[in-house]
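Structure file structure.pdb (PDB, N, CA, C and O atoms) follows.
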```pdb
ATOM      1  N   MET J   5     -26.344  -1.964  -8.540
ATOM      2  CA  MET J   5     -25.485  -0.867  -8.133
ATOM      3  C   MET J   5     -24.151  -0.989  -8.877
ATOM      4  O   MET J   5     -23.448  -1.974  -8.717
ATOM      5  N   TYR J   6     -23.835  -0.016  -9.681
ATOM      6  CA  TYR J   6     -22.577   0.060 -10.437
ATOM      7  C   TYR J   6     -22.321  -1.209 -11.273
ATOM      8  O   TYR J   6     -21.323  -1.906 -11.086
ATOM      9  N   PRO J   7     -23.192  -1.518 -12.231
ATOM     10  CA  PRO J   7     -23.094  -2.776 -12.982
ATOM     11  C   PRO J   7     -21.837  -2.927 -13.837
ATOM     12  O   PRO J   7     -21.460  -4.049 -14.157
ATOM     13  N   ASN J   8     -21.184  -1.842 -14.191
ATOM     14  CA  ASN J   8     -19.993  -1.952 -15.048
ATOM     15  C   ASN J   8     -18.689  -1.794 -14.284
ATOM     16  O   ASN J   8     -17.634  -1.648 -14.903
ATOM     17  N   ASN J   9     -18.729  -1.836 -12.974
ATOM     18  CA  ASN J   9     -17.527  -1.631 -12.178
ATOM     19  C   ASN J   9     -16.638  -2.873 -12.219
ATOM     20  O   ASN J   9     -17.049  -3.963 -11.829
ATOM     21  N   ILE J  10     -15.407  -2.690 -12.676
ATOM     22  CA  ILE J  10     -14.469  -3.806 -12.842
ATOM     23  C   ILE J  10     -14.138  -4.474 -11.520
ATOM     24  O   ILE J  10     -13.931  -5.680 -11.454
ATOM     25  N   TYR J  11     -14.082  -3.684 -10.449
ATOM     26  CA  TYR J  11     -13.756  -4.260  -9.143
ATOM     27  C   TYR J  11     -14.897  -5.126  -8.618
ATOM     28  O   TYR J  11     -14.656  -6.206  -8.075
ATOM     29  N   ILE J  12     -16.121  -4.660  -8.782
ATOM     30  CA  ILE J  12     -17.275  -5.444  -8.335
ATOM     31  C   ILE J  12     -17.385  -6.725  -9.149
ATOM     32  O   ILE J  12     -17.621  -7.804  -8.601
ATOM     33  N   LYS J  13     -17.179  -6.621 -10.449
ATOM     34  CA  LYS J  13     -17.239  -7.806 -11.310
ATOM     35  C   LYS J  13     -16.190  -8.837 -10.915
ATOM     36  O   LYS J  13     -16.379 -10.029 -11.127
ATOM     37  N   ASN J  14     -15.078  -8.381 -10.352
ATOM     38  CA  ASN J  14     -13.972  -9.265  -9.988
ATOM     39  C   ASN J  14     -13.792  -9.386  -8.479
ATOM     40  O   ASN J  14     -12.695  -9.665  -7.995
ATOM     41  N   TYR J  15     -14.874  -9.223  -7.755
ATOM     42  CA  TYR J  15     -14.828  -9.271  -6.296
ATOM     43  C   TYR J  15     -14.172 -10.554  -5.781
ATOM     44  O   TYR J  15     -13.345 -10.507  -4.867
ATOM     45  N   ALA J  16     -14.514 -11.686  -6.342
ATOM     46  CA  ALA J  16     -13.977 -12.962  -5.864
ATOM     47  C   ALA J  16     -12.446 -12.987  -5.955
ATOM     48  O   ALA J  16     -11.780 -13.482  -5.047
ATOM     49  N   GLU J  17     -11.907 -12.442  -7.033
ATOM     50  CA  GLU J  17     -10.450 -12.397  -7.194
ATOM     51  C   GLU J  17      -9.828 -11.400  -6.218
ATOM     52  O   GLU J  17      -8.801 -11.684  -5.592
ATOM     53  N   ILE J  18     -10.451 -10.244  -6.076
ATOM     54  CA  ILE J  18      -9.902  -9.191  -5.220
ATOM     55  C   ILE J  18      -9.895  -9.625  -3.763
ATOM     56  O   ILE J  18      -8.917  -9.390  -3.041
ATOM     57  N   LYS J  19     -10.954 -10.272  -3.306
ATOM     58  CA  LYS J  19     -11.020 -10.636  -1.886
ATOM     59  C   LYS J  19      -9.972 -11.675  -1.508
ATOM     60  O   LYS J  19      -9.643 -11.817  -0.339
ATOM     61  N   LYS J  20      -9.406 -12.370  -2.464
ATOM     62  CA  LYS J  20      -8.345 -13.350  -2.193
ATOM     63  C   LYS J  20      -6.992 -12.681  -1.990
ATOM     64  O   LYS J  20      -6.072 -13.307  -1.463
ATOM     65  N   LEU J  21      -6.859 -11.431  -2.404
ATOM     66  CA  LEU J  21      -5.596 -10.716  -2.282
ATOM     67  C   LEU J  21      -5.406 -10.239  -0.846
ATOM     68  O   LEU J  21      -6.368  -9.910  -0.165
ATOM     69  N   THR J  22      -4.158 -10.192  -0.395
ATOM     70  CA  THR J  22      -3.871  -9.769   0.968
ATOM     71  C   THR J  22      -3.858  -8.251   1.083
ATOM     72  O   THR J  22      -3.705  -7.549   0.091
ATOM     73  N   GLY J  23      -4.030  -7.779   2.305
ATOM     74  CA  GLY J  23      -3.985  -6.346   2.578
ATOM     75  C   GLY J  23      -5.359  -5.760   2.762
ATOM     76  O   GLY J  23      -6.378  -6.447   2.649
ATOM     77  N   ASP J  24      -5.358  -4.451   3.066
ATOM     78  CA  ASP J  24      -6.650  -3.775   3.225
ATOM     79  C   ASP J  24      -7.257  -3.531   1.844
ATOM     80  O   ASP J  24      -6.660  -3.863   0.816
ATOM     81  N   ILE J  25      -8.426  -2.936   1.809
ATOM     82  CA  ILE J  25      -9.178  -2.772   0.565
ATOM     83  C   ILE J  25      -8.385  -1.988  -0.489
ATOM     84  O   ILE J  25      -8.396  -2.336  -1.670
ATOM     85  N   GLY J  26      -7.664  -0.962  -0.069
ATOM     86  CA  GLY J  26      -6.866  -0.174  -1.012
ATOM     87  C   GLY J  26      -5.710  -0.969  -1.583
ATOM     88  O   GLY J  26      -5.425  -0.905  -2.783
ATOM     89  N   VAL J  27      -5.048  -1.727  -0.741
ATOM     90  CA  VAL J  27      -3.927  -2.567  -1.179
ATOM     91  C   VAL J  27      -4.433  -3.649  -2.126
ATOM     92  O   VAL J  27      -3.792  -3.944  -3.140
ATOM     93  N   GLN J  28      -5.586  -4.227  -1.816
ATOM     94  CA  GLN J  28      -6.156  -5.251  -2.699
ATOM     95  C   GLN J  28      -6.421  -4.679  -4.089
ATOM     96  O   GLN J  28      -6.106  -5.317  -5.097
ATOM     97  N   MET J  29      -6.980  -3.472  -4.144
ATOM     98  CA  MET J  29      -7.259  -2.866  -5.448
ATOM     99  C   MET J  29      -5.963  -2.506  -6.168
ATOM    100  O   MET J  29      -5.873  -2.661  -7.390
ATOM    101  N   ASP J  30      -4.952  -2.038  -5.432
ATOM    102  CA  ASP J  30      -3.646  -1.757  -6.050
ATOM    103  C   ASP J  30      -3.063  -3.022  -6.670
ATOM    104  O   ASP J  30      -2.566  -3.009  -7.804
ATOM    105  N   LYS J  31      -3.116  -4.120  -5.935
ATOM    106  CA  LYS J  31      -2.594  -5.395  -6.441
ATOM    107  C   LYS J  31      -3.373  -5.848  -7.674
ATOM    108  O   LYS J  31      -2.783  -6.304  -8.648
ATOM    109  N   PHE J  32      -4.693  -5.721  -7.629
ATOM    110  CA  PHE J  32      -5.528  -6.096  -8.765
ATOM    111  C   PHE J  32      -5.163  -5.258  -9.994
ATOM    112  O   PHE J  32      -5.006  -5.790 -11.083
ATOM    113  N   ASP J  33      -5.021  -3.942  -9.792
ATOM    114  CA  ASP J  33      -4.625  -3.051 -10.894
ATOM    115  C   ASP J  33      -3.288  -3.482 -11.492
ATOM    116  O   ASP J  33      -3.130  -3.522 -12.712
ATOM    117  N   ASN J  34      -2.320  -3.787 -10.630
ATOM    118  CA  ASN J  34      -0.998  -4.190 -11.109
ATOM    119  C   ASN J  34      -1.041  -5.508 -11.880
ATOM    120  O   ASN J  34      -0.418  -5.630 -12.930
ATOM    121  N   ILE J  35      -1.795  -6.459 -11.372
ATOM    122  CA  ILE J  35      -1.912  -7.765 -12.042
ATOM    123  C   ILE J  35      -2.500  -7.601 -13.435
ATOM    124  O   ILE J  35      -2.052  -8.240 -14.392
ATOM    125  N   HIS J  36      -3.499  -6.729 -13.569
ATOM    126  CA  HIS J  36      -4.224  -6.573 -14.832
ATOM    127  C   HIS J  36      -3.814  -5.326 -15.627
ATOM    128  O   HIS J  36      -4.467  -4.992 -16.619
ATOM    129  N   HIS J  37      -2.742  -4.671 -15.183
ATOM    130  CA  HIS J  37      -2.198  -3.492 -15.879
ATOM    131  C   HIS J  37      -3.264  -2.417 -16.097
ATOM    132  O   HIS J  37      -3.399  -1.868 -17.179
ATOM    133  N   LEU J  38      -4.004  -2.125 -15.024
ATOM    134  CA  LEU J  38      -5.057  -1.114 -15.081
ATOM    135  C   LEU J  38      -4.540   0.202 -14.504
ATOM    136  O   LEU J  38      -3.727   0.204 -13.583
ATOM    137  N   LYS J  39      -5.061   1.302 -15.030
ATOM    138  CA  LYS J  39      -4.743   2.616 -14.487
ATOM    139  C   LYS J  39      -5.571   2.845 -13.230
ATOM    140  O   LYS J  39      -6.684   2.338 -13.109
ATOM    141  N   HIS J  40      -5.039   3.649 -12.326
ATOM    142  CA  HIS J  40      -5.738   4.003 -11.095
ATOM    143  C   HIS J  40      -7.011   4.772 -11.453
ATOM    144  O   HIS J  40      -6.965   5.729 -12.211
ATOM    145  N   ASP J  41      -8.151   4.347 -10.931
ATOM    146  CA  ASP J  41      -9.440   4.973 -11.231
ATOM    147  C   ASP J  41     -10.149   5.274  -9.908
ATOM    148  O   ASP J  41     -10.776   4.395  -9.311
ATOM    149  N   ASP J  42     -10.039   6.529  -9.447
ATOM    150  CA  ASP J  42     -10.613   6.907  -8.159
ATOM    151  C   ASP J  42     -12.119   6.686  -8.088
ATOM    152  O   ASP J  42     -12.629   6.238  -7.059
ATOM    153  N   LEU J  43     -12.833   6.981  -9.166
ATOM    154  CA  LEU J  43     -14.286   6.816  -9.156
ATOM    155  C   LEU J  43     -14.667   5.336  -9.038
ATOM    156  O   LEU J  43     -15.528   4.969  -8.232
ATOM    157  N   ALA J  44     -14.038   4.483  -9.814
ATOM    158  CA  ALA J  44     -14.335   3.045  -9.753
ATOM    159  C   ALA J  44     -14.008   2.485  -8.371
ATOM    160  O   ALA J  44     -14.737   1.649  -7.831
ATOM    161  N   ARG J  45     -12.928   2.967  -7.786
ATOM    162  CA  ARG J  45     -12.547   2.516  -6.446
ATOM    163  C   ARG J  45     -13.579   2.981  -5.416
ATOM    164  O   ARG J  45     -13.954   2.220  -4.519
ATOM    165  N   ALA J  46     -14.044   4.217  -5.534
ATOM    166  CA  ALA J  46     -15.056   4.733  -4.610
ATOM    167  C   ALA J  46     -16.354   3.932  -4.746
ATOM    168  O   ALA J  46     -16.997   3.603  -3.746
ATOM    169  N   GLN J  47     -16.728   3.620  -5.978
ATOM    170  CA  GLN J  47     -17.929   2.815  -6.207
ATOM    171  C   GLN J  47     -17.789   1.442  -5.554
ATOM    172  O   GLN J  47     -18.718   0.955  -4.913
ATOM    173  N   TYR J  48     -16.633   0.821  -5.720
ATOM    174  CA  TYR J  48     -16.387  -0.501  -5.136
ATOM    175  C   TYR J  48     -16.467  -0.433  -3.614
ATOM    176  O   TYR J  48     -17.108  -1.279  -2.977
ATOM    177  N   LYS J  49     -15.844   0.582  -3.026
ATOM    178  CA  LYS J  49     -15.878   0.707  -1.569
ATOM    179  C   LYS J  49     -17.303   0.967  -1.086
ATOM    180  O   LYS J  49     -17.712   0.439  -0.043
ATOM    181  N   HIS J  50     -18.083   1.742  -1.841
ATOM    182  CA  HIS J  50     -19.487   1.974  -1.480
ATOM    183  C   HIS J  50     -20.263   0.663  -1.542
ATOM    184  O   HIS J  50     -21.008   0.314  -0.624
ATOM    185  N   TRP J  51     -20.070  -0.086  -2.618
ATOM    186  CA  TRP J  51     -20.738  -1.389  -2.771
ATOM    187  C   TRP J  51     -20.362  -2.317  -1.623
ATOM    188  O   TRP J  51     -21.216  -2.950  -1.019
ATOM    189  N   ARG J  52     -19.067  -2.366  -1.301
ATOM    190  CA  ARG J  52     -18.605  -3.219  -0.196
ATOM    191  C   ARG J  52     -19.195  -2.753   1.126
ATOM    192  O   ARG J  52     -19.557  -3.580   1.966
ATOM    193  N   SER J  53     -19.300  -1.434   1.323
ATOM    194  CA  SER J  53     -19.851  -0.937   2.583
ATOM    195  C   SER J  53     -21.320  -1.333   2.732
ATOM    196  O   SER J  53     -21.767  -1.640   3.835
ATOM    197  N   VAL J  54     -22.049  -1.349   1.636
ATOM    198  CA  VAL J  54     -23.448  -1.783   1.662
ATOM    199  C   VAL J  54     -23.516  -3.286   1.941
ATOM    200  O   VAL J  54     -24.337  -3.741   2.747
ATOM    201  N   GLN J  55     -22.642  -4.059   1.310
ATOM    202  CA  GLN J  55     -22.634  -5.512   1.490
ATOM    203  C   GLN J  55     -22.266  -5.915   2.918
ATOM    204  O   GLN J  55     -22.822  -6.855   3.460
ATOM    205  N   THR J  56     -21.309  -5.201   3.495
ATOM    206  CA  THR J  56     -20.798  -5.573   4.815
ATOM    207  C   THR J  56     -21.440  -4.800   5.960
ATOM    208  O   THR J  56     -21.291  -5.183   7.114
ATOM    209  N   GLY J  57     -22.111  -3.692   5.639
ATOM    210  CA  GLY J  57     -22.683  -2.856   6.683
ATOM    211  C   GLY J  57     -21.635  -2.027   7.415
ATOM    212  O   GLY J  57     -21.847  -1.618   8.550
ATOM    213  N   VAL J  58     -20.496  -1.795   6.758
ATOM    214  CA  VAL J  58     -19.399  -1.030   7.361
ATOM    215  C   VAL J  58     -19.206   0.261   6.567
ATOM    216  O   VAL J  58     -18.413   0.310   5.635
ATOM    217  N   PRO J  59     -19.923   1.333   6.944
ATOM    218  CA  PRO J  59     -19.826   2.589   6.190
ATOM    219  C   PRO J  59     -18.446   3.243   6.275
ATOM    220  O   PRO J  59     -18.109   4.081   5.449
ATOM    221  N   GLU J  60     -17.641   2.842   7.256
ATOM    222  CA  GLU J  60     -16.303   3.423   7.419
ATOM    223  C   GLU J  60     -15.361   3.091   6.262
ATOM    224  O   GLU J  60     -14.271   3.664   6.178
ATOM    225  N   LEU J  61     -15.751   2.194   5.373
ATOM    226  CA  LEU J  61     -14.917   1.892   4.205
ATOM    227  C   LEU J  61     -14.788   3.102   3.291
ATOM    228  O   LEU J  61     -13.823   3.212   2.544
ATOM    229  N   LEU J  62     -15.768   4.005   3.344
ATOM    230  CA  LEU J  62     -15.771   5.183   2.471
ATOM    231  C   LEU J  62     -15.083   6.367   3.142
ATOM    232  O   LEU J  62     -15.407   6.728   4.270
ATOM    233  N   SER J  63     -14.155   6.966   2.418
ATOM    234  CA  SER J  63     -13.504   8.182   2.901
ATOM    235  C   SER J  63     -14.357   9.399   2.518
ATOM    236  O   SER J  63     -15.313   9.284   1.739
ATOM    237  N   VAL J  64     -13.984  10.542   3.036
ATOM    238  CA  VAL J  64     -14.666  11.783   2.681
ATOM    239  C   VAL J  64     -14.540  12.020   1.174
ATOM    240  O   VAL J  64     -15.502  12.411   0.509
ATOM    241  N   GLU J  65     -13.362  11.752   0.623
ATOM    242  CA  GLU J  65     -13.133  11.931  -0.815
ATOM    243  C   GLU J  65     -14.001  10.968  -1.630
ATOM    244  O   GLU J  65     -14.546  11.342  -2.671
ATOM    245  N   ASP J  66     -14.135   9.723  -1.165
ATOM    246  CA  ASP J  66     -14.999   8.753  -1.857
ATOM    247  C   ASP J  66     -16.436   9.270  -1.906
ATOM    248  O   ASP J  66     -17.081   9.228  -2.956
ATOM    249  N   LYS J  67     -16.921   9.770  -0.791
ATOM    250  CA  LYS J  67     -18.286  10.284  -0.723
ATOM    251  C   LYS J  67     -18.460  11.482  -1.653
ATOM    252  O   LYS J  67     -19.487  11.615  -2.306
ATOM    253  N   ARG J  68     -17.445  12.337  -1.723
ATOM    254  CA  ARG J  68     -17.505  13.491  -2.607
ATOM    255  C   ARG J  68     -17.586  13.048  -4.066
ATOM    256  O   ARG J  68     -18.401  13.547  -4.837
ATOM    257  N   LEU J  69     -16.748  12.082  -4.424
ATOM    258  CA  LEU J  69     -16.763  11.570  -5.808
ATOM    259  C   LEU J  69     -18.115  10.975  -6.170
ATOM    260  O   LEU J  69     -18.564  11.095  -7.313
ATOM    261  N   LEU J  70     -18.764  10.339  -5.218
ATOM    262  CA  LEU J  70     -20.046   9.675  -5.461
ATOM    263  C   LEU J  70     -21.234  10.601  -5.256
ATOM    264  O   LEU J  70     -22.369  10.236  -5.567
ATOM    265  N   GLY J  71     -20.987  11.774  -4.725
ATOM    266  CA  GLY J  71     -22.067  12.720  -4.479
ATOM    267  C   GLY J  71     -22.988  12.317  -3.344
ATOM    268  O   GLY J  71     -24.180  12.601  -3.364
ATOM    269  N   ILE J  72     -22.405  11.636  -2.348
ATOM    270  CA  ILE J  72     -23.225  11.223  -1.188
ATOM    271  C   ILE J  72     -22.679  11.811   0.102
ATOM    272  O   ILE J  72     -21.612  12.294   0.183
TER     273      ILE J  72
END
```
Step by step, read the file and then write its structure as structure tokens.
Amino acid sequence: MYPNNIYIKNYAEIKKLTGDIGVQMDKFDNIHHLKHDDLARAQYKHWRSVQTGVPELLSVEDKRLLGI
């Protein structure tokens, strides 16, 4: 699922960051000088929701971006 997603590839680093999932991704972006990518973030949240069994991680906008 989403093999080229930078957030999924760097899950171990992201999960060490403080804050909720959005704050963690913001911090990761800032550390690595990445531009905000709504699609990649939605993919990561979808992947995390599957891993954790918590579908509430996905917003309505995330679902729209992913077509689910």
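Residues with any atom within 8 Å of Ala46 in chain J, counting all atoms listed in the file and excluding same-chain neighbours fewer than 2 positions away, are Asp41, Asp42, Leu43, Ala44, Tyr48, Lys49, His50, Trp51, Arg52, Ser53, Leu61, Leu62, Ser63, Glu65, Asp66, Lys67, Leu69 and Leu70 of chain J.
Candidate residues J:His37, J:Gly57, J:Arg45, J:Arg68 were compared for distance to Ile25 in chain J, and the nearest is J:Arg45, using all atoms listed in the file.
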Exercise. What gap, in Å, lies between CA of Phe32 in chain J and CA of Lys13 in chain J?
Worked result: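 Between CA of Phe32 in chain J and CA of Lys13 in chain J the gap is 12.1 Å.
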Output the residue selection produced by the PyMOL selection byres (((chain J and resi 31 and name CA) around 12) and name CA) on the file above, formatted as a compact mmCIF listing (two decimals) with N, CA, C and O atoms, keeping the file's coordinate frame.
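Now in expr_26.txt:
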```
# COMPACT_ATOMS: atom_id res chain seq x y z
N TYR J 11 -14.08 -3.68 -10.45
CA TYR J 11 -13.76 -4.26 -9.14
C TYR J 11 -14.90 -5.13 -8.62
O TYR J 11 -14.66 -6.21 -8.07
N GLU J 17 -11.91 -12.44 -7.03
CA GLU J 17 -10.45 -12.40 -7.19
C GLU J 17 -9.83 -11.40 -6.22
O GLU J 17 -8.80 -11.68 -5.59
N ILE J 18 -10.45 -10.24 -6.08
CA ILE J 18 -9.90 -9.19 -5.22
C ILE J 18 -9.90 -9.62 -3.76
O ILE J 18 -8.92 -9.39 -3.04
N LYS J 19 -10.95 -10.27 -3.31
CA LYS J 19 -11.02 -10.64 -1.89
C LYS J 19 -9.97 -11.68 -1.51
O LYS J 19 -9.64 -11.82 -0.34
N LYS J 20 -9.41 -12.37 -2.46
CA LYS J 20 -8.35 -13.35 -2.19
C LYS J 20 -6.99 -12.68 -1.99
O LYS J 20 -6.07 -13.31 -1.46
N LEU J 21 -6.86 -11.43 -2.40
CA LEU J 21 -5.60 -10.72 -2.28
C LEU J 21 -5.41 -10.24 -0.85
O LEU J 21 -6.37 -9.91 -0.16
N THR J 22 -4.16 -10.19 -0.40
CA THR J 22 -3.87 -9.77 0.97
C THR J 22 -3.86 -8.25 1.08
O THR J 22 -3.70 -7.55 0.09
N GLY J 23 -4.03 -7.78 2.31
CA GLY J 23 -3.98 -6.35 2.58
C GLY J 23 -5.36 -5.76 2.76
O GLY J 23 -6.38 -6.45 2.65
N ASP J 24 -5.36 -4.45 3.07
CA ASP J 24 -6.65 -3.78 3.22
C ASP J 24 -7.26 -3.53 1.84
O ASP J 24 -6.66 -3.86 0.82
N ILE J 25 -8.43 -2.94 1.81
CA ILE J 25 -9.18 -2.77 0.56
C ILE J 25 -8.38 -1.99 -0.49
O ILE J 25 -8.40 -2.34 -1.67
N GLY J 26 -7.66 -0.96 -0.07
CA GLY J 26 -6.87 -0.17 -1.01
C GLY J 26 -5.71 -0.97 -1.58
O GLY J 26 -5.42 -0.90 -2.78
N VAL J 27 -5.05 -1.73 -0.74
CA VAL J 27 -3.93 -2.57 -1.18
C VAL J 27 -4.43 -3.65 -2.13
O VAL J 27 -3.79 -3.94 -3.14
N GLN J 28 -5.59 -4.23 -1.82
CA GLN J 28 -6.16 -5.25 -2.70
C GLN J 28 -6.42 -4.68 -4.09
O GLN J 28 -6.11 -5.32 -5.10
N MET J 29 -6.98 -3.47 -4.14
CA MET J 29 -7.26 -2.87 -5.45
C MET J 29 -5.96 -2.51 -6.17
O MET J 29 -5.87 -2.66 -7.39
N ASP J 30 -4.95 -2.04 -5.43
CA ASP J 30 -3.65 -1.76 -6.05
C ASP J 30 -3.06 -3.02 -6.67
O ASP J 30 -2.57 -3.01 -7.80
N PHE J 32 -4.69 -5.72 -7.63
CA PHE J 32 -5.53 -6.10 -8.76
C PHE J 32 -5.16 -5.26 -9.99
O PHE J 32 -5.01 -5.79 -11.08
N ASP J 33 -5.02 -3.94 -9.79
CA ASP J 33 -4.62 -3.05 -10.89
C ASP J 33 -3.29 -3.48 -11.49
O ASP J 33 -3.13 -3.52 -12.71
N ASN J 34 -2.32 -3.79 -10.63
CA ASN J 34 -1.00 -4.19 -11.11
C ASN J 34 -1.04 -5.51 -11.88
O ASN J 34 -0.42 -5.63 -12.93
N ILE J 35 -1.80 -6.46 -11.37
CA ILE J 35 -1.91 -7.76 -12.04
C ILE J 35 -2.50 -7.60 -13.44
O ILE J 35 -2.05 -8.24 -14.39
N HIS J 36 -3.50 -6.73 -13.57
CA HIS J 36 -4.22 -6.57 -14.83
C HIS J 36 -3.81 -5.33 -15.63
O HIS J 36 -4.47 -4.99 -16.62
N HIS J 37 -2.74 -4.67 -15.18
CA HIS J 37 -2.20 -3.49 -15.88
C HIS J 37 -3.26 -2.42 -16.10
O HIS J 37 -3.40 -1.87 -17.18
N LEU J 38 -4.00 -2.12 -15.02
CA LEU J 38 -5.06 -1.11 -15.08
C LEU J 38 -4.54 0.20 -14.50
O LEU J 38 -3.73 0.20 -13.58
N LYS J 39 -5.06 1.30 -15.03
CA LYS J 39 -4.74 2.62 -14.49
C LYS J 39 -5.57 2.84 -13.23
O LYS J 39 -6.68 2.34 -13.11
N HIS J 40 -5.04 3.65 -12.33
CA HIS J 40 -5.74 4.00 -11.10
C HIS J 40 -7.01 4.77 -11.45
O HIS J 40 -6.96 5.73 -12.21
```
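For the pair atom N of Ala16 in chain J and CA of Gln55 in chain J, the interatomic distance is 12.9 Å.
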Would you mind completing range 5-12 of chain J so that it carries all heavy atoms, and writing it out as a compact mmCIF listing (two decimals), in the frame of the given file?
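Full text of out_17.txt as output:
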```
# COMPACT_ATOMS: atom_id res chain seq x y z
N MET J 5 -26.34 -1.96 -8.54
CA MET J 5 -25.48 -0.87 -8.13
C MET J 5 -24.15 -0.99 -8.88
O MET J 5 -23.45 -1.97 -8.72
CB MET J 5 -25.27 -0.96 -6.61
CG MET J 5 -24.32 0.05 -6.05
SD MET J 5 -24.01 -0.09 -4.27
CE MET J 5 -25.48 0.59 -3.61
N TYR J 6 -23.84 -0.02 -9.68
CA TYR J 6 -22.58 0.06 -10.44
C TYR J 6 -22.32 -1.21 -11.27
O TYR J 6 -21.32 -1.91 -11.09
CB TYR J 6 -21.39 0.32 -9.50
CG TYR J 6 -21.63 1.37 -8.47
CD1 TYR J 6 -21.61 1.07 -7.11
CD2 TYR J 6 -21.90 2.69 -8.85
CE1 TYR J 6 -21.83 2.06 -6.15
CE2 TYR J 6 -22.12 3.68 -7.90
CZ TYR J 6 -22.08 3.35 -6.55
OH TYR J 6 -22.30 4.33 -5.61
N PRO J 7 -23.19 -1.52 -12.23
CA PRO J 7 -23.09 -2.78 -12.98
C PRO J 7 -21.84 -2.93 -13.84
O PRO J 7 -21.46 -4.05 -14.16
CB PRO J 7 -24.35 -2.76 -13.86
CG PRO J 7 -24.71 -1.32 -13.99
CD PRO J 7 -24.30 -0.68 -12.68
N ASN J 8 -21.18 -1.84 -14.19
CA ASN J 8 -19.99 -1.95 -15.05
C ASN J 8 -18.69 -1.79 -14.28
O ASN J 8 -17.63 -1.65 -14.90
CB ASN J 8 -20.06 -0.90 -16.16
CG ASN J 8 -21.24 -1.15 -17.08
OD1 ASN J 8 -21.54 -2.29 -17.43
ND2 ASN J 8 -21.95 -0.10 -17.44
N ASN J 9 -18.73 -1.84 -12.97
CA ASN J 9 -17.53 -1.63 -12.18
C ASN J 9 -16.64 -2.87 -12.22
O ASN J 9 -17.05 -3.96 -11.83
CB ASN J 9 -17.91 -1.29 -10.74
CG ASN J 9 -16.72 -0.93 -9.90
OD1 ASN J 9 -15.90 -1.77 -9.59
ND2 ASN J 9 -16.63 0.35 -9.55
N ILE J 10 -15.41 -2.69 -12.68
CA ILE J 10 -14.47 -3.81 -12.84
C ILE J 10 -14.14 -4.47 -11.52
O ILE J 10 -13.93 -5.68 -11.45
CB ILE J 10 -13.18 -3.35 -13.57
CG1 ILE J 10 -12.28 -4.54 -13.87
CG2 ILE J 10 -12.40 -2.35 -12.75
CD1 ILE J 10 -12.01 -4.72 -15.30
N TYR J 11 -14.08 -3.68 -10.45
CA TYR J 11 -13.76 -4.26 -9.14
C TYR J 11 -14.90 -5.13 -8.62
O TYR J 11 -14.66 -6.21 -8.07
CB TYR J 11 -13.42 -3.16 -8.14
CG TYR J 11 -12.23 -2.32 -8.54
CD1 TYR J 11 -12.38 -0.99 -8.89
CD2 TYR J 11 -10.96 -2.86 -8.61
CE1 TYR J 11 -11.31 -0.21 -9.27
CE2 TYR J 11 -9.87 -2.10 -8.99
CZ TYR J 11 -10.05 -0.78 -9.31
OH TYR J 11 -8.98 -0.02 -9.69
N ILE J 12 -16.12 -4.66 -8.78
CA ILE J 12 -17.27 -5.44 -8.34
C ILE J 12 -17.39 -6.72 -9.15
O ILE J 12 -17.62 -7.80 -8.60
CB ILE J 12 -18.58 -4.61 -8.42
CG1 ILE J 12 -18.50 -3.42 -7.46
CG2 ILE J 12 -19.80 -5.48 -8.12
CD1 ILE J 12 -19.61 -2.40 -7.62
```
